[in-house]
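Visitor: Below is the file protein_0.csv, with CSV, C-alpha atoms.
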```
chain,number,residue,atom,x,y,z
T,1,MET,CA,-19.5,-23.9,-2.3
T,2,HIS,CA,-21.5,-22.2,-5.1
T,3,MET,CA,-24.1,-20.8,-2.6
T,4,GLY,CA,-21.3,-19.2,-0.6
T,5,LYS,CA,-20.0,-17.4,-3.7
T,6,ASP,CA,-23.5,-16.1,-4.6
T,7,THR,CA,-24.0,-14.8,-1.0
T,8,ILE,CA,-20.7,-12.9,-1.2
T,9,SER,CA,-21.5,-11.5,-4.7
T,10,MET,CA,-24.9,-10.4,-3.5
T,11,GLU,CA,-23.4,-8.5,-0.5
T,12,ILE,CA,-20.9,-6.6,-2.8
T,13,LYS,CA,-23.6,-5.7,-5.3
T,14,ARG,CA,-25.8,-4.4,-2.5
T,15,ALA,CA,-22.9,-2.3,-1.2
T,16,ILE,CA,-22.6,-0.8,-4.8
T,17,LEU,CA,-26.3,-0.1,-4.8
T,18,HIS,CA,-26.0,1.7,-1.5
T,19,GLY,CA,-23.1,3.9,-2.8
T,20,VAL,CA,-20.4,2.3,-0.6
T,21,PHE,CA,-18.1,2.3,-3.8
T,22,PRO,CA,-18.8,2.3,-7.5
T,23,GLY,CA,-16.9,-1.0,-8.2
T,24,ALA,CA,-14.8,-3.7,-6.7
T,25,VAL,CA,-12.6,-6.7,-7.4
T,26,LEU,CA,-12.4,-9.5,-4.9
T,27,LEU,CA,-9.8,-12.3,-4.9
T,28,CYS,CA,-9.7,-15.0,-2.3
T,29,ASP,CA,-7.2,-17.9,-1.9
T,30,VAL,CA,-7.1,-20.9,0.3
T,31,ASN,CA,-3.9,-23.1,0.5
T,32,GLN,CA,-2.5,-21.2,-2.6
T,33,LYS,CA,-5.5,-22.0,-4.7
T,34,ILE,CA,-7.7,-19.1,-5.9
T,35,VAL,CA,-11.2,-20.0,-4.9
T,36,PHE,CA,-12.9,-16.7,-5.8
T,37,HIS,CA,-12.0,-13.9,-8.3
T,38,GLU,CA,-14.8,-11.6,-9.5
T,39,SER,CA,-15.3,-8.0,-10.5
T,40,TYR,CA,-18.3,-5.8,-9.8
T,41,GLY,CA,-19.7,-2.4,-10.8
T,42,MET,CA,-17.9,0.4,-12.5
T,43,ALA,CA,-14.3,1.3,-12.9
T,44,ASP,CA,-15.3,4.8,-14.1
T,45,THR,CA,-18.9,6.0,-13.7
T,46,PHE,CA,-18.6,8.9,-16.1
T,47,GLU,CA,-17.0,6.9,-18.9
T,48,LYS,CA,-19.4,4.0,-18.1
T,49,ARG,CA,-16.4,1.6,-18.0
T,50,LYS,CA,-17.1,-1.7,-16.2
T,51,MET,CA,-14.8,-3.1,-13.6
T,52,ARG,CA,-12.8,-6.2,-14.8
T,53,PRO,CA,-11.1,-8.9,-12.9
T,54,ASP,CA,-7.8,-7.5,-14.3
T,55,SER,CA,-8.6,-3.9,-13.6
T,56,ILE,CA,-5.6,-1.8,-12.4
T,57,PHE,CA,-6.1,0.1,-9.2
T,58,ASP,CA,-4.2,3.0,-7.5
T,59,LEU,CA,-3.1,1.0,-4.5
T,60,ALA,CA,-2.3,4.0,-2.3
T,61,SER,CA,-0.8,2.9,1.0
T,62,LEU,CA,-0.4,-0.7,-0.1
T,63,THR,CA,2.8,0.8,-1.5
T,64,LYS,CA,4.2,0.7,2.0
T,65,PRO,CA,4.1,-3.1,2.5
T,66,LEU,CA,4.3,-4.2,-1.1
T,67,ALA,CA,7.1,-2.0,-2.3
T,68,THR,CA,9.0,-0.1,0.4
T,69,THR,CA,8.9,-2.8,3.1
T,70,LEU,CA,9.9,-5.6,0.8
T,71,ALA,CA,12.7,-3.5,-0.7
T,72,LEU,CA,14.1,-3.0,2.8
T,73,SER,CA,13.8,-6.7,3.5
T,74,LYS,CA,16.0,-7.4,0.4
T,75,LEU,CA,18.6,-4.8,1.5
T,76,ILE,CA,18.7,-6.3,5.0
T,77,ASP,CA,19.0,-9.7,3.5
T,78,GLY,CA,21.9,-8.5,1.4
T,79,GLU,CA,23.5,-6.9,4.5
T,80,GLN,CA,23.4,-3.6,2.7
T,81,ILE,CA,21.6,-2.1,5.7
T,82,PHE,CA,20.5,-3.4,9.2
T,83,ALA,CA,17.1,-3.0,10.8
T,84,ASP,CA,18.6,-1.2,13.9
T,85,GLN,CA,20.7,1.2,11.8
T,86,THR,CA,20.1,4.9,12.4
T,87,ILE,CA,19.1,7.2,9.6
T,88,GLY,CA,21.8,9.7,10.7
T,89,SER,CA,24.4,7.0,9.8
T,90,ILE,CA,22.9,6.6,6.2
T,91,LEU,CA,21.7,10.1,5.3
T,92,LYS,CA,24.2,12.9,6.0
T,93,GLU,CA,21.3,15.4,6.1
T,94,PHE,CA,20.1,13.9,9.3
T,95,LYS,CA,23.5,13.5,10.9
T,96,THR,CA,23.2,16.5,13.2
T,97,SER,CA,19.5,16.5,13.5
T,98,PRO,CA,17.4,15.4,16.5
T,99,LYS,CA,16.1,12.6,14.2
T,100,ALA,CA,19.6,11.1,13.8
T,101,ASN,CA,18.9,8.2,16.1
T,102,ILE,CA,15.7,7.1,14.5
T,103,THR,CA,16.3,3.5,13.1
T,104,ILE,CA,15.0,1.8,10.0
T,105,ASP,CA,12.9,-0.5,12.3
T,106,MET,CA,11.2,2.5,14.0
T,107,LEU,CA,10.3,4.0,10.6
T,108,LEU,CA,8.9,0.6,9.5
T,109,ARG,CA,6.9,0.3,12.7
T,110,HIS,CA,5.7,3.9,12.8
T,111,THR,CA,7.4,4.7,16.1
T,112,SER,CA,9.9,7.3,14.8
T,113,GLY,CA,8.0,10.3,16.3
T,114,PHE,CA,7.3,11.7,12.8
T,115,PRO,CA,3.8,13.2,12.4
T,116,ALA,CA,1.2,11.2,10.5
T,117,HIS,CA,0.7,13.5,7.5
T,118,ARG,CA,1.6,16.9,6.1
T,119,GLU,CA,0.3,18.7,3.0
T,120,TYR,CA,3.8,19.2,1.6
T,121,PHE,CA,2.4,19.3,-2.0
T,122,LYS,CA,1.0,22.8,-1.3
T,123,LYS,CA,4.6,24.1,-0.9
T,124,ILE,CA,6.1,21.8,-3.5
T,125,ILE,CA,3.9,23.0,-6.4
T,126,LYS,CA,4.7,26.6,-5.6
T,127,THR,CA,8.5,26.2,-5.7
T,128,ASP,CA,11.0,26.2,-8.6
T,129,LYS,CA,13.2,23.7,-6.7
T,130,ASN,CA,13.6,20.1,-7.7
T,131,PRO,CA,10.4,18.6,-6.1
T,132,ARG,CA,12.0,15.5,-4.7
T,133,GLN,CA,14.9,17.4,-3.1
T,134,TYR,CA,12.6,20.0,-1.8
T,135,LEU,CA,10.4,17.3,-0.2
T,136,ARG,CA,13.5,15.9,1.5
T,137,GLN,CA,14.5,19.2,2.9
T,138,LEU,CA,11.0,19.5,4.4
T,139,LEU,CA,11.4,16.1,6.0
T,140,VAL,CA,14.7,17.1,7.5
T,141,HIS,CA,13.2,20.2,9.0
T,142,GLU,CA,9.9,18.7,10.1
T,143,PRO,CA,9.6,18.8,13.9
T,144,LEU,CA,9.0,15.4,15.5
T,145,GLU,CA,5.6,15.1,17.1
T,146,ASN,CA,6.5,12.5,19.7
T,147,LYS,CA,9.7,11.3,21.3
T,148,ILE,CA,11.6,8.7,19.3
T,149,ASN,CA,10.3,5.2,19.9
T,150,GLU,CA,7.7,6.3,22.4
T,151,ARG,CA,4.4,5.9,20.5
T,152,GLN,CA,3.1,4.3,17.4
T,153,VAL,CA,1.6,6.9,15.0
T,154,TYR,CA,1.0,5.7,11.5
T,155,SER,CA,3.1,8.0,9.3
T,156,ASP,CA,3.4,8.7,5.6
T,157,LEU,CA,6.5,10.8,6.4
T,158,GLY,CA,8.4,7.9,7.8
T,159,PHE,CA,8.0,6.0,4.6
T,160,MET,CA,9.1,9.0,2.5
T,161,VAL,CA,12.3,8.8,4.5
T,162,LEU,CA,12.6,5.0,3.8
T,163,ALA,CA,12.3,5.6,0.1
T,164,TRP,CA,15.1,8.1,0.3
T,165,ILE,CA,17.2,5.6,2.2
T,166,ILE,CA,16.5,2.9,-0.5
T,167,GLU,CA,17.5,5.3,-3.2
T,168,LYS,CA,20.7,6.4,-1.4
T,169,ILE,CA,21.8,2.8,-0.9
T,170,THR,CA,20.9,1.3,-4.2
T,171,CYS,CA,21.5,4.4,-6.4
T,172,GLN,CA,18.1,3.5,-8.0
T,173,LYS,CA,14.6,4.9,-7.6
T,174,LEU,CA,12.2,2.8,-5.6
T,175,ASP,CA,10.2,1.8,-8.6
T,176,GLN,CA,13.2,0.5,-10.5
T,177,TYR,CA,14.6,-1.4,-7.5
T,178,VAL,CA,11.4,-3.3,-6.7
T,179,LEU,CA,10.9,-4.1,-10.3
T,180,ASP,CA,14.4,-5.5,-10.7
T,181,GLN,CA,14.7,-7.3,-7.3
T,182,ILE,CA,11.2,-8.4,-6.5
T,183,TYR,CA,8.5,-8.1,-9.2
T,184,SER,CA,10.4,-9.3,-12.2
T,185,PRO,CA,12.0,-12.4,-10.5
T,186,LEU,CA,8.5,-13.4,-9.3
T,187,GLU,CA,7.1,-12.8,-12.9
T,188,ILE,CA,4.7,-10.2,-11.6
T,189,GLU,CA,3.6,-8.1,-14.6
T,190,ASN,CA,1.1,-5.6,-13.4
T,191,LEU,CA,2.5,-4.1,-10.3
T,192,PHE,CA,4.2,-0.8,-11.0
T,193,PHE,CA,4.6,2.9,-10.3
T,194,ILE,CA,3.5,5.5,-12.8
T,195,ASP,CA,6.2,8.0,-13.3
T,196,LEU,CA,4.2,11.1,-14.3
T,197,ASP,CA,6.7,11.9,-17.0
T,198,GLN,CA,5.9,8.4,-18.6
T,199,LYS,CA,2.2,8.5,-17.9
T,200,ILE,CA,1.0,8.7,-21.5
T,201,LYS,CA,2.8,5.6,-22.6
T,202,LEU,CA,1.4,3.5,-19.7
T,203,LEU,CA,-2.1,5.0,-20.0
T,204,ASN,CA,-2.2,3.9,-23.7
T,205,LYS,CA,-1.3,0.4,-22.7
T,206,TYR,CA,-3.7,0.1,-19.8
T,207,ARG,CA,-6.5,2.6,-20.8
T,208,GLN,CA,-9.3,0.1,-20.6
T,209,LYS,CA,-8.1,-1.5,-17.3
T,210,MET,CA,-7.3,1.7,-15.3
T,211,VAL,CA,-9.7,2.4,-12.4
T,212,SER,CA,-10.5,6.0,-11.8
T,213,THR,CA,-10.2,7.7,-8.4
T,214,GLN,CA,-11.3,11.1,-7.2
T,215,ARG,CA,-12.3,14.3,-8.9
T,216,CYS,CA,-9.4,16.2,-7.6
T,217,PRO,CA,-10.4,19.7,-6.4
T,218,TRP,CA,-7.1,21.4,-7.3
T,219,ARG,CA,-6.0,19.3,-10.3
T,220,LYS,CA,-9.5,20.0,-11.6
T,221,LYS,CA,-10.2,16.6,-13.2
T,222,ILE,CA,-11.0,12.9,-12.5
T,223,LEU,CA,-7.8,11.1,-11.8
T,224,LYS,CA,-7.0,8.1,-13.9
T,225,GLY,CA,-3.5,6.5,-14.1
T,226,GLU,CA,-2.3,9.4,-12.0
T,227,VAL,CA,-1.5,8.9,-8.3
T,228,ASP,CA,-4.4,10.0,-6.1
T,229,ASP,CA,-2.0,10.9,-3.2
T,230,ASP,CA,-1.2,14.6,-3.4
T,231,ASN,CA,2.3,14.4,-1.9
T,232,ALA,CA,3.3,11.4,-4.1
T,233,TRP,CA,1.9,13.3,-7.2
T,234,ALA,CA,3.9,16.5,-6.3
T,235,VAL,CA,7.2,14.5,-6.5
T,236,GLY,CA,6.4,12.8,-9.8
T,237,GLY,CA,4.3,9.8,-8.8
T,238,ILE,CA,6.9,7.6,-7.0
T,239,ASP,CA,7.4,7.6,-3.3
T,240,GLY,CA,7.6,5.2,-0.3
T,241,HIS,CA,4.2,5.8,1.1
T,242,ALA,CA,2.1,5.8,-2.2
T,243,GLY,CA,2.3,5.5,-5.9
T,244,LEU,CA,2.0,1.8,-6.6
T,245,PHE,CA,-0.6,0.6,-9.1
T,246,GLY,CA,-1.7,-3.0,-9.7
T,247,ASP,CA,-4.3,-5.6,-10.3
T,248,ALA,CA,-5.5,-8.3,-7.9
T,249,VAL,CA,-3.6,-11.2,-9.5
T,250,SER,CA,-0.3,-9.4,-9.2
T,251,ILE,CA,-0.9,-8.5,-5.6
T,252,TYR,CA,-1.9,-12.2,-5.1
T,253,LYS,CA,1.4,-13.5,-6.5
T,254,LEU,CA,3.3,-11.2,-4.1
T,255,CYS,CA,1.1,-12.2,-1.2
T,256,CYS,CA,1.8,-15.9,-1.9
T,257,GLU,CA,5.5,-15.2,-1.5
T,258,ILE,CA,4.9,-13.3,1.7
T,259,LEU,CA,2.7,-16.1,3.0
T,260,ASN,CA,5.4,-18.7,2.2
T,261,ALA,CA,8.0,-16.6,4.1
T,262,LEU,CA,5.6,-16.2,7.1
T,263,GLN,CA,5.1,-20.0,7.1
T,264,ASN,CA,8.9,-20.6,6.8
T,265,LYS,CA,8.3,-22.4,3.5
T,266,PRO,CA,10.6,-22.2,0.5
T,267,THR,CA,10.5,-18.7,-1.2
T,268,LYS,CA,11.8,-17.5,-4.4
T,269,ILE,CA,13.2,-14.1,-3.3
T,270,LEU,CA,12.1,-13.0,0.1
T,271,ALA,CA,14.1,-14.2,3.2
T,272,PRO,CA,11.7,-15.9,5.6
T,273,ASP,CA,13.7,-15.1,8.7
T,274,ILE,CA,13.5,-11.3,7.9
T,275,ILE,CA,9.8,-11.3,6.9
T,276,ARG,CA,9.0,-13.3,10.1
T,277,ALA,CA,11.1,-10.8,12.2
T,278,PHE,CA,9.2,-7.9,10.5
T,279,ALA,CA,5.9,-9.6,11.5
T,280,GLN,CA,6.8,-9.9,15.2
T,281,LYS,CA,4.9,-7.5,17.4
T,282,LYS,CA,6.8,-5.1,19.7
T,283,ASN,CA,5.2,-3.5,22.8
T,284,GLN,CA,1.9,-5.0,21.7
T,285,TYR,CA,1.4,-2.4,19.0
T,286,ASP,CA,-1.1,-3.3,16.2
T,287,ARG,CA,1.3,-2.5,13.5
T,288,VAL,CA,4.4,-4.6,12.9
T,289,ALA,CA,7.3,-3.6,10.6
T,290,GLY,CA,5.7,-2.5,7.3
T,291,PHE,CA,2.4,-4.2,7.9
T,292,ASP,CA,-0.8,-3.9,9.9
T,293,THR,CA,-2.2,-6.7,12.0
T,294,PRO,CA,-5.8,-7.3,13.2
T,295,SER,CA,-6.6,-5.0,16.1
T,296,GLU,CA,-8.3,-6.7,19.1
T,297,LYS,CA,-11.6,-4.7,18.6
T,298,ASN,CA,-13.3,-3.5,15.4
T,299,SER,CA,-10.5,-4.7,13.1
T,300,SER,CA,-11.0,-3.8,9.4
T,301,SER,CA,-10.1,-7.5,8.7
T,302,GLY,CA,-13.2,-8.5,10.7
T,303,TYR,CA,-13.5,-11.1,13.4
T,304,PHE,CA,-11.8,-14.3,12.1
T,305,PHE,CA,-8.3,-13.4,11.0
T,306,SER,CA,-5.7,-14.9,13.4
T,307,SER,CA,-3.5,-12.6,15.4
T,308,SER,CA,-0.5,-13.7,13.3
T,309,SER,CA,-2.1,-12.3,10.2
T,310,VAL,CA,-0.6,-9.3,8.3
T,311,GLY,CA,-2.3,-6.9,5.9
T,312,HIS,CA,-2.7,-3.3,5.0
T,313,LEU,CA,-5.3,-0.8,3.8
T,314,GLY,CA,-5.0,1.9,1.1
T,315,PHE,CA,-6.8,5.2,1.2
T,316,THR,CA,-8.4,4.7,-2.3
T,317,GLY,CA,-10.3,1.7,-1.0
T,318,THR,CA,-7.8,-1.2,-1.3
T,319,SER,CA,-6.7,-3.9,1.1
T,320,PHE,CA,-5.1,-7.3,1.4
T,321,TRP,CA,-4.9,-9.7,4.4
T,322,ILE,CA,-2.8,-12.8,4.7
T,323,ASP,CA,-3.4,-15.4,7.4
T,324,PRO,CA,-0.6,-17.9,7.9
T,325,GLU,CA,-2.6,-20.0,10.3
T,326,THR,CA,-5.4,-20.7,7.7
T,327,SER,CA,-3.2,-20.3,4.7
T,328,SER,CA,-5.6,-17.8,3.3
T,329,ILE,CA,-5.3,-14.5,1.4
T,330,ILE,CA,-8.1,-12.0,0.8
T,331,ILE,CA,-7.5,-9.1,-1.6
T,332,PHE,CA,-10.4,-6.6,-1.8
T,333,LEU,CA,-9.9,-3.7,-4.2
T,334,THR,CA,-12.5,-0.9,-4.6
T,335,ASN,CA,-12.6,2.7,-6.0
T,336,ARG,CA,-14.4,4.1,-3.0
T,337,VAL,CA,-12.8,7.6,-3.6
T,338,HIS,CA,-14.5,7.8,-7.1
T,339,PRO,CA,-15.7,10.5,-7.6
T,340,LEU,CA,-15.3,11.9,-4.1
T,341,ARG,CA,-12.7,11.0,-1.5
T,342,PHE,CA,-15.1,11.7,1.4
T,343,ASN,CA,-17.1,8.5,1.0
T,344,GLU,CA,-16.3,6.5,4.1
T,345,GLY,CA,-19.0,3.7,3.9
T,346,ILE,CA,-16.3,1.1,3.3
T,347,LYS,CA,-15.2,1.4,7.0
T,348,LYS,CA,-18.3,-0.4,8.1
T,349,PHE,CA,-18.5,-2.7,5.0
T,350,ARG,CA,-14.9,-4.1,5.0
T,351,PRO,CA,-15.0,-6.1,8.2
T,352,GLN,CA,-18.5,-7.4,7.3
T,353,ILE,CA,-17.3,-8.8,3.9
T,354,HIS,CA,-14.2,-10.4,5.4
T,355,ASP,CA,-16.4,-12.1,8.0
T,356,LEU,CA,-18.8,-13.3,5.3
T,357,ILE,CA,-15.9,-14.6,3.2
T,358,TYR,CA,-14.6,-16.5,6.2
T,359,SER,CA,-17.9,-18.1,6.9
T,360,GLN,CA,-18.6,-19.0,3.3
T,361,LEU,CA,-15.3,-20.0,1.8
T,362,LEU,CA,-12.8,-21.0,4.6
```
Can you dump the structure from the file as structure tokens?

Guide:
Amino acid sequence: MHMGKDTISMEIKRAILHGVFPGAVLLCDVNQKIVFHESYGMADTFEKRKMRPDSIFDLASLTKPLATTLALSKLIDGEQIFADQTIGSILKEFKTSPKANITIDMLLRHTSGFPAHREYFKKIIKTDKNPRQYLRQLLVHEPLENKINERQVYSDLGFMVLAWIIEKITCQKLDQYVLDQIYSPLEIENLFFIDLDQKIKLLNKYRQKMVSTQRCPWRKKILKGEVDDDNAWAVGGIDGHAGLFGDAVSIYKLCCEILNALQNKPTKILAPDIIRAFAQKKNQYDRVAGFDTPSEKNSSSGYFFSSSSVGHLGFTGTSFWIDPETSSIIIFLTNRVHPLRFNEGIKKFRPQIHDLIYSQLL
């Protein structure tokens, strides 16, 4: 077993030497027992701060499955909404729009027809209007790129609409709702959004643990404890597609609950039937409701994860994968965007490290 761990560590150190990322934290679990949890390299190369096992990362798009999707599973469980409910029936702004018949399920599965991405922040930072309300106006007026439910196109915009729906139904912002309903009941401490108005307080608490991301060309600084995603930043740090921060152990606790749900085992807060329904494929798309699954060729999860696995990637260099068939969880967090977001070396490295972990630990 020890040899296997050394081999994995050597491979990650080699990747750091080759500039794939400055630092990383890897946590692996088999049968709900952590078998590997190590940190490597630097959390900030300019401050010469080392990565720690409890370093806090900007999780980027892991926000989609670990906050927004789970929040919706709770609302569906409480019959406050239904998966096939249309957005026109929930948000009056969409009532007369061509988007009125998009359902919650289509937004979760990225089949709504919304485009993948828009640089809304460029408009938001120039306006005097309330940033969040202005973003929502832009979403209402955004033309669909595909017919509703015709193609799967991974879309940040769809998850911005989902955050709006959660807020409308719960009368709480997404960060507060997931804290109250999911993270606190599971005793997860270090999974949170950083409201930019409250940033100083949180930064003082987590200063030594916070992993830095890019040198932002228009914010003119290295980002630390401030969401990397430009659109999430423009609306104050909290949205459905990005904004979540956390450490490996906190993600792990949440992944254990998701794994139990997928295996139909007792859970504390998630409803297994709903999570299992979310994880069912439709029309053989690679993405299920809120999660990604291993693609048949060149999957970022590598070669060995079973087809019933779920996971997700984050732009900043983060990922998690959960395999209900082998009862395994692999959480691999890096700061590959530090200091420049154009570094793409992780695309080749990620499947290799997952394969190595499978061969050495599972």

Visitor: Each residue of stretch 26-128 of chain T lying at most 7 Å from stretch 226-238 of chain T should get a row with its shortest atom-to-atom pair and the distance in Å to one decimal, counting all atoms listed in the file; could you produce that, ordered by chain and increasing number, as CSV?

Guide:
```
residue,atom,partner,partner_atom,distance
T:Asp58,CA,T:Val227,CA,6.5
T:Ala60,CA,T:Asp229,CA,7.0
T:Glu119,CA,T:Asn231,CA,6.8
T:Tyr120,CA,T:Asn231,CA,6.1
T:Phe121,CA,T:Asn231,CA,4.9
T:Ile124,CA,T:Ala234,CA,6.4
T:Ile125,CA,T:Ala234,CA,6.5
```

Visitor: Just to be explicit: take each residue in the selection above, keep C-alpha atoms, and write the result as an mmCIF file, in the frame of the given file.

Guide:
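selection33.cif written:
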```
data_model
loop_
_atom_site.group_PDB
_atom_site.id
_atom_site.type_symbol
_atom_site.label_atom_id
_atom_site.label_comp_id
_atom_site.auth_asym_id
_atom_site.auth_seq_id
_atom_site.Cartn_x
_atom_site.Cartn_y
_atom_site.Cartn_z
ATOM 1 C CA ASP T 58 -4.200 3.000 -7.500
ATOM 2 C CA ALA T 60 -2.300 4.000 -2.300
ATOM 3 C CA GLU T 119 0.300 18.700 3.000
ATOM 4 C CA TYR T 120 3.800 19.200 1.600
ATOM 5 C CA PHE T 121 2.400 19.300 -2.000
ATOM 6 C CA ILE T 124 6.100 21.800 -3.500
ATOM 7 C CA ILE T 125 3.900 23.000 -6.400
#
```

Visitor: Which of these residues is nearest to T:Arg52, using all atoms listed in the file: T:Thr7, T:Asn204, T:Ser306, T:Ser39?

Guide: T:Ser39

Visitor: Give me, as number ranges by chain, all polymer residues having an atom no more than 6 Å from T:Glu38, counting all atoms listed in the file and skipping those fewer than 5 positions away in the same chain.

Guide: T: 25-26, 53

Visitor: Write out as a list in words the residues lying within 7 Å of stretch 342-359 of chain T, counting only C-alpha atoms and excluding same-chain residues fewer than 4 positions away.

Guide: Ile8, Val20, Ser299, Ser300, Ser301, Gly302, Tyr303, Phe304, Arg336 and Val337 of chain T

Visitor: Using only C-alpha atoms, list the residues that have an atom at most 10 Å from (4.6, 18.3, 5.1), coordinates as in the file, as a PyMOL selection string.

Guide: chain T and resi 115-124+135-136+138-139+141-142+156-157+231

Visitor: Please compute the atom CA of T:Gly78-atom CA of T:Asp239 distance, one decimal, in Å.

Guide: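 A separation of 22.2 Å between them.
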
Visitor: Please indicate the distance in Å from atom CA of T:Phe291 to atom CA of T:Gln360, rounded to one decimal place.

Guide: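 Between atom CA of T:Phe291 and atom CA of T:Gln360 the gap is 26.1 Å.
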
Visitor: Tell me which of T:Ala71, T:Ile165, T:Gln280, T:Leu27 sits closest to T:Thr86, counting all atoms listed in the file.

Guide: T:Ile165

Visitor: Choose the residue, out of T:Ala248, T:Ile329, T:Leu17, T:Met51, that has the smallest atom-to-atom separation from T:His37; count all atoms listed in the file.

Guide: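 Result for the nearest residue to T:His37: T:Ala248.
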
Visitor: Enter the distance from atom CA of T:Gly246 to atom CA of T:Ile34, in Å, rounded to one decimal.

Guide: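 Atom-to-atom, atom CA of T:Gly246 to atom CA of T:Ile34, that is 17.6 Å.
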
Visitor: Neighbouring residues of stretch 92-94 of chain T were defined as those with any atom within 12 Å, considering all atoms listed in the file; residues of the same chain fewer than 2 positions away were excluded. Please report them as a list in words.

Guide: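 Skipping anything fewer than 2 positions along the chain leaves Thr86, Ile87, Gly88, Ser89, Ile90, Thr96, Ser97, Pro98, Lys99, Ala100, Asn101, Ile102, Thr103, Gln133, Arg136, Gln137, Leu138, Leu139, Val140, His141, Glu142, Val161, Trp164, Ile165 and Lys168 of chain T.
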
Visitor: Check the smallest atom-to-atom distance from each of T:Asp286, T:Asp323, T:Glu187, T:Asp292 to T:Ala261 using all atoms listed in the file, then report the winner.

Guide: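 Answer, going by the shortest atom-to-atom distance: T:Asp323.
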
Visitor: Would you please work out which residue, of T:Ser9, T:Gln152, T:Thr111, T:Thr45, is nearest to T:Ile222 when using only C-alpha atoms?

Guide: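 Checking each of T:Ser9, T:Gln152, T:Thr111, T:Thr45 against T:Ile222, counting only C-alpha atoms, the winner is T:Thr45.
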